[in-house]
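Below is one structure, written out as structure tokens; comments come after it.
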Amino acid sequence: MFDNILSKKFKGDGIIWMVFFLLCIISIIEVYSASSVLTYKSGNYWSPVLKHFGLLLVGVGCMIVVMNIKCKYFKIVTPFLLLAAFITLLWVLVAGHSTNGAQRWISLVGIQFQPSEIAKGAIVLAVAQILSAMQTERGADKRAFNYILVVSAFIVPLIMVENLSTAALLCAVILMMMFIGRVPLVQIGKLMGVCMLLLVIAFSLIMLVGKDEEKENPKLAITEQTVSAEEAEKPGMLDKVFHRAGTWKSRIIKHLDSKEVPPEEFDLDKDAQVAHANIAIVSSNIVGKGPGNSVERDFLSQAFSDFIYAIIIEEMGITGAIVVCLLYIILLFRTATIANRCENTFPALLIMGLALLLVTQALFNMLVAVGLVPVTGQPLPLISKGGTSTIINCIYIGVILSVSYTAKKKDEAGKPALQLAKKQTS
């Protein structure tokens, strides 16, 4: 009943709308609370949250535009998005702006954005289109696997150089899409075997080539600074590829170090992010301190972005943590329900890929916040403060709503709804 009421007020699925608005409300509250460092730097208490609110409004506007586009037209933009992603990813490697030692940003017409955010959506679109075009009665044609690998080979390595965690998440989503798209299990198994081998090789190279930056320069662990590309030295090609190895090595060593350190000997400067995130979670005392009462936001780097989940737990307790998790789970399962009702495979695969992209990233962010995986730098989708990511994630929701509203649906018996309607009128 509640779903029907919402559906009359808003185009598309009412539950998806509800989840989106709840995530936005949580985002505004928690970004406002966690942005104490930004308010101190700007001298304006309202500036960070107003900027974030403005970006959310832009994102909602983009979402509404996309929501009103019929899903069949999404196929048209796929080659253009892939080309744009490839060019901008090359651009960011050559002349990107550096943030925390990684070149991930470029400026176009005065607008700064991350090309990897565009690339993720482009890859999901391409994979959905390939799998849907090559479906047979027994599953996806074997050639679909090869086409997906070719497309991914042009995009994923370019992301991996500067953002290993994003590349890994994207590969995981592609793998899940191939499983949903009924790619032969033999091919998926071989791919997973090759991926494991490459992972071992990459791990070995990181440990051999990378330098433990925190041992050589402990100040790097205290504060994270933004350095422009013009201010940094221009490295050679080899350094360009491996310059992030030191950061990856430091994070791996830190995470694998299982030695228990007494509280009085713990170095808050060396392990500042993990330490203050743990303090935020423990000091919540299960019930939380209440909205706006966080203490660790003043000490935790990226409290408004990468570690906002720790602030949510500190303020809202276990209940807040569970609610946020449930919202992403509802988003995934509701999207699966919409996909299952689609008559055609392309819209179904497309929205499942986008939902998996959002939920997998959210999962990694939450695991980082509670210390179960190494620090990855992934924001919490639709909650963390951001620019490109906030708008792009809103567009993903717009695509899901568009499919729920415009895609051809099956009836309960699995027959196309259009055929059922013709029988009823005849």
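Residues are named by chain letter and number: chains run A, B, ... in the order of the structure tokens, numbers start at 1 in each chain, and ligands are numbered from 1 in the order shown.
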
Report task. Would you list the contacts of stretch 392-402 of chain A as a PyMOL selection string, taking every protein, DNA or RNA residue within 8 Å and counting only C-alpha atoms, but skipping same-chain residues closer than 3 positions in sequence? Result -> chain A and resi 11-13+16+20+59-60+62-71+117-118+121+335+351+354-355+358+381-382+388-389+405-407

As a PDB file with C-alpha atoms, in the first residue's frame, please: the residues near A:Ile28 (cut-off 12 Å, only C-alpha atoms, same-chain neighbours under 2 positions excluded).
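Produced file selection-v3.pdb, reproduced below:
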```
ATOM      1  CA  PHE A  21      15.633  10.148   0.460  1.00  0.00           C
ATOM      2  CA  LEU A  22      16.579   8.442   3.731  1.00  0.00           C
ATOM      3  CA  LEU A  23      20.212   8.159   2.594  1.00  0.00           C
ATOM      4  CA  CYS A  24      20.171  11.841   1.610  1.00  0.00           C
ATOM      5  CA  ILE A  25      18.762  12.878   5.007  1.00  0.00           C
ATOM      6  CA  ILE A  26      21.421  10.838   6.812  1.00  0.00           C
ATOM      7  CA  GLU A  30      26.228  13.472   9.235  1.00  0.00           C
ATOM      8  CA  VAL A  31      28.181  15.671   6.802  1.00  0.00           C
ATOM      9  CA  TYR A  32      27.042  18.689   8.819  1.00  0.00           C
ATOM     10  CA  SER A  33      28.245  16.991  11.986  1.00  0.00           C
ATOM     11  CA  ALA A  34      31.507  15.570  10.600  1.00  0.00           C
ATOM     12  CA  SER A  35      32.751  18.693   8.777  1.00  0.00           C
ATOM     13  CA  TRP A  46      27.440  26.453   7.338  1.00  0.00           C
ATOM     14  CA  PRO A  48      30.514  22.734   3.954  1.00  0.00           C
ATOM     15  CA  VAL A  49      26.988  21.429   4.517  1.00  0.00           C
ATOM     16  CA  LEU A  50      25.431  24.064   2.233  1.00  0.00           C
ATOM     17  CA  LYS A  51      27.879  23.114  -0.512  1.00  0.00           C
ATOM     18  CA  HIS A  52      27.059  19.445   0.023  1.00  0.00           C
ATOM     19  CA  PHE A  53      23.321  20.208   0.015  1.00  0.00           C
ATOM     20  CA  GLY A  54      23.770  22.116  -3.243  1.00  0.00           C
ATOM     21  CA  LEU A  55      25.564  19.133  -4.815  1.00  0.00           C
ATOM     22  CA  LEU A  56      22.757  16.851  -3.671  1.00  0.00           C
ATOM     23  CA  LEU A  57      20.233  19.179  -5.334  1.00  0.00           C
ATOM     24  CA  PRO A 291      23.451  13.601  16.351  1.00  0.00           C
ATOM     25  CA  GLY A 292      26.060  16.376  16.367  1.00  0.00           C
ATOM     26  CA  PHE A 304      33.095  13.559   6.375  1.00  0.00           C
ATOM     27  CA  ILE A 308      31.833   8.894   7.919  1.00  0.00           C
ATOM     28  CA  ILE A 312      27.542   7.539  12.269  1.00  0.00           C
ATOM     29  CA  LEU A 382      25.042   8.840  -1.270  1.00  0.00           C
ATOM     30  CA  ILE A 383      26.166   9.656   2.286  1.00  0.00           C
ATOM     31  CA  SER A 384      29.798  10.829   2.191  1.00  0.00           C
ATOM     32  CA  LYS A 385      30.604  14.388   1.207  1.00  0.00           C
ATOM     33  CA  GLY A 386      31.731  14.494  -2.388  1.00  0.00           C
TER      34      GLY A 386
END
```

Could you name the residues that touch A:Thr345 at 10 Å or less, counting only C-alpha atoms, but leaving out those on the same chain fewer than 5 positions away, as an mmCIF file with C-alpha atoms, in the first residue's frame?
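Once written, selection-v1.cif looks like this:
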```
data_model
loop_
_atom_site.group_PDB
_atom_site.id
_atom_site.type_symbol
_atom_site.label_atom_id
_atom_site.label_comp_id
_atom_site.auth_asym_id
_atom_site.auth_seq_id
_atom_site.Cartn_x
_atom_site.Cartn_y
_atom_site.Cartn_z
ATOM 1 C CA ALA A 128 25.161 -5.135 -19.651
ATOM 2 C CA GLN A 129 24.880 -4.453 -23.373
ATOM 3 C CA LEU A 131 25.635 -9.820 -22.105
ATOM 4 C CA SER A 132 22.125 -8.899 -23.223
ATOM 5 C CA ALA A 133 23.033 -8.932 -26.928
ATOM 6 C CA GLN A 135 22.104 -14.266 -24.618
ATOM 7 C CA GLY A 181 24.373 -12.831 -17.090
ATOM 8 C CA ALA A 339 15.216 -6.589 -12.647
ATOM 9 C CA ASN A 340 13.343 -9.873 -12.270
ATOM 10 C CA LEU A 350 22.128 -2.653 -16.203
#
```

Report task. Return the single residue from A:Cys342, A:Ile318, A:Ala144, A:Leu170 that is closest to A:Leu356, with distances computed using only C-alpha atoms. Result ->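 Among A:Cys342, A:Ile318, A:Ala144, A:Leu170, it is A:Leu170 that comes nearest to A:Leu356.
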
Query - Nearest to A:Asp141, chosen from A:Leu357, A:Ile201, A:Met178, A:Leu191, with only C-alpha atoms counted in the distances - result: A:Met178

Query - Å distance separating atom CA of A:Val323 from atom CA of A:Val287, one decimal place - result: 13.1 Å

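Atom pair atom CA of A:Leu327 / atom CA of A:Leu380: separated by 12.3 Å.
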
Requested in this report: Kindly indicate which residue among A:Asn278, A:Thr166, A:Thr319, A:Gln273 lies nearest to A:Gln302, using only C-alpha atoms for the distances.
Outcome: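 Looking only at the distances to A:Gln302, the closest residue turns out to be A:Gln273.
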
Report task. Within 10 Å of A:Leu125, counting only C-alpha atoms, which residues show up once you throw out same-chain ones fewer than 2 positions away? Write them as a PyMOL selection string, please. Result -> chain A and resi 74-75+77-79+81-82+119-123+127-130+346-347+349-351+353-354

Requested in this report: To one decimal in Å, tell me the separation between atom CA of A:Phe299 and atom CA of A:His276.
Outcome: 6.8 Å

Report task. Quick one: everything within 10 Å of A:Val282, counting only C-alpha atoms, minus sequence neighbours fewer than 6 positions away in the same chain. Send it as a list in words. Result ->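 Once the adjacent positions are removed, what remains is His276, Gly288, Ala310, Ile313, Glu314 and Gly317 of chain A.
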
Write the residues of the selection above to a file with N, CA and C atoms, as a short mmCIF file (atom, residue, chain, number, x, y, z; two decimals), in the first residue's frame.
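The resulting file, selection_23.cif, is reproduced below:
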```cif
data_model
loop_
_atom_site.label_atom_id
_atom_site.label_comp_id
_atom_site.auth_asym_id
_atom_site.auth_seq_id
_atom_site.Cartn_x
_atom_site.Cartn_y
_atom_site.Cartn_z
N HIS A 276 41.55 6.68 15.55
CA HIS A 276 40.42 7.55 15.89
C HIS A 276 39.09 6.95 15.43
N GLY A 288 25.08 5.30 21.24
CA GLY A 288 25.50 6.50 20.53
C GLY A 288 25.41 7.76 21.37
N ALA A 310 32.14 5.61 10.68
CA ALA A 310 32.58 5.59 12.08
C ALA A 310 31.90 6.70 12.88
N ILE A 313 28.31 5.67 13.62
CA ILE A 313 28.24 4.75 14.76
C ILE A 313 28.45 5.50 16.07
N GLU A 314 29.41 6.45 16.08
CA GLU A 314 29.68 7.20 17.30
C GLU A 314 28.44 7.98 17.75
N GLY A 317 25.04 5.08 17.32
CA GLY A 317 25.18 3.78 17.93
C GLY A 317 24.96 2.62 16.97
#
```
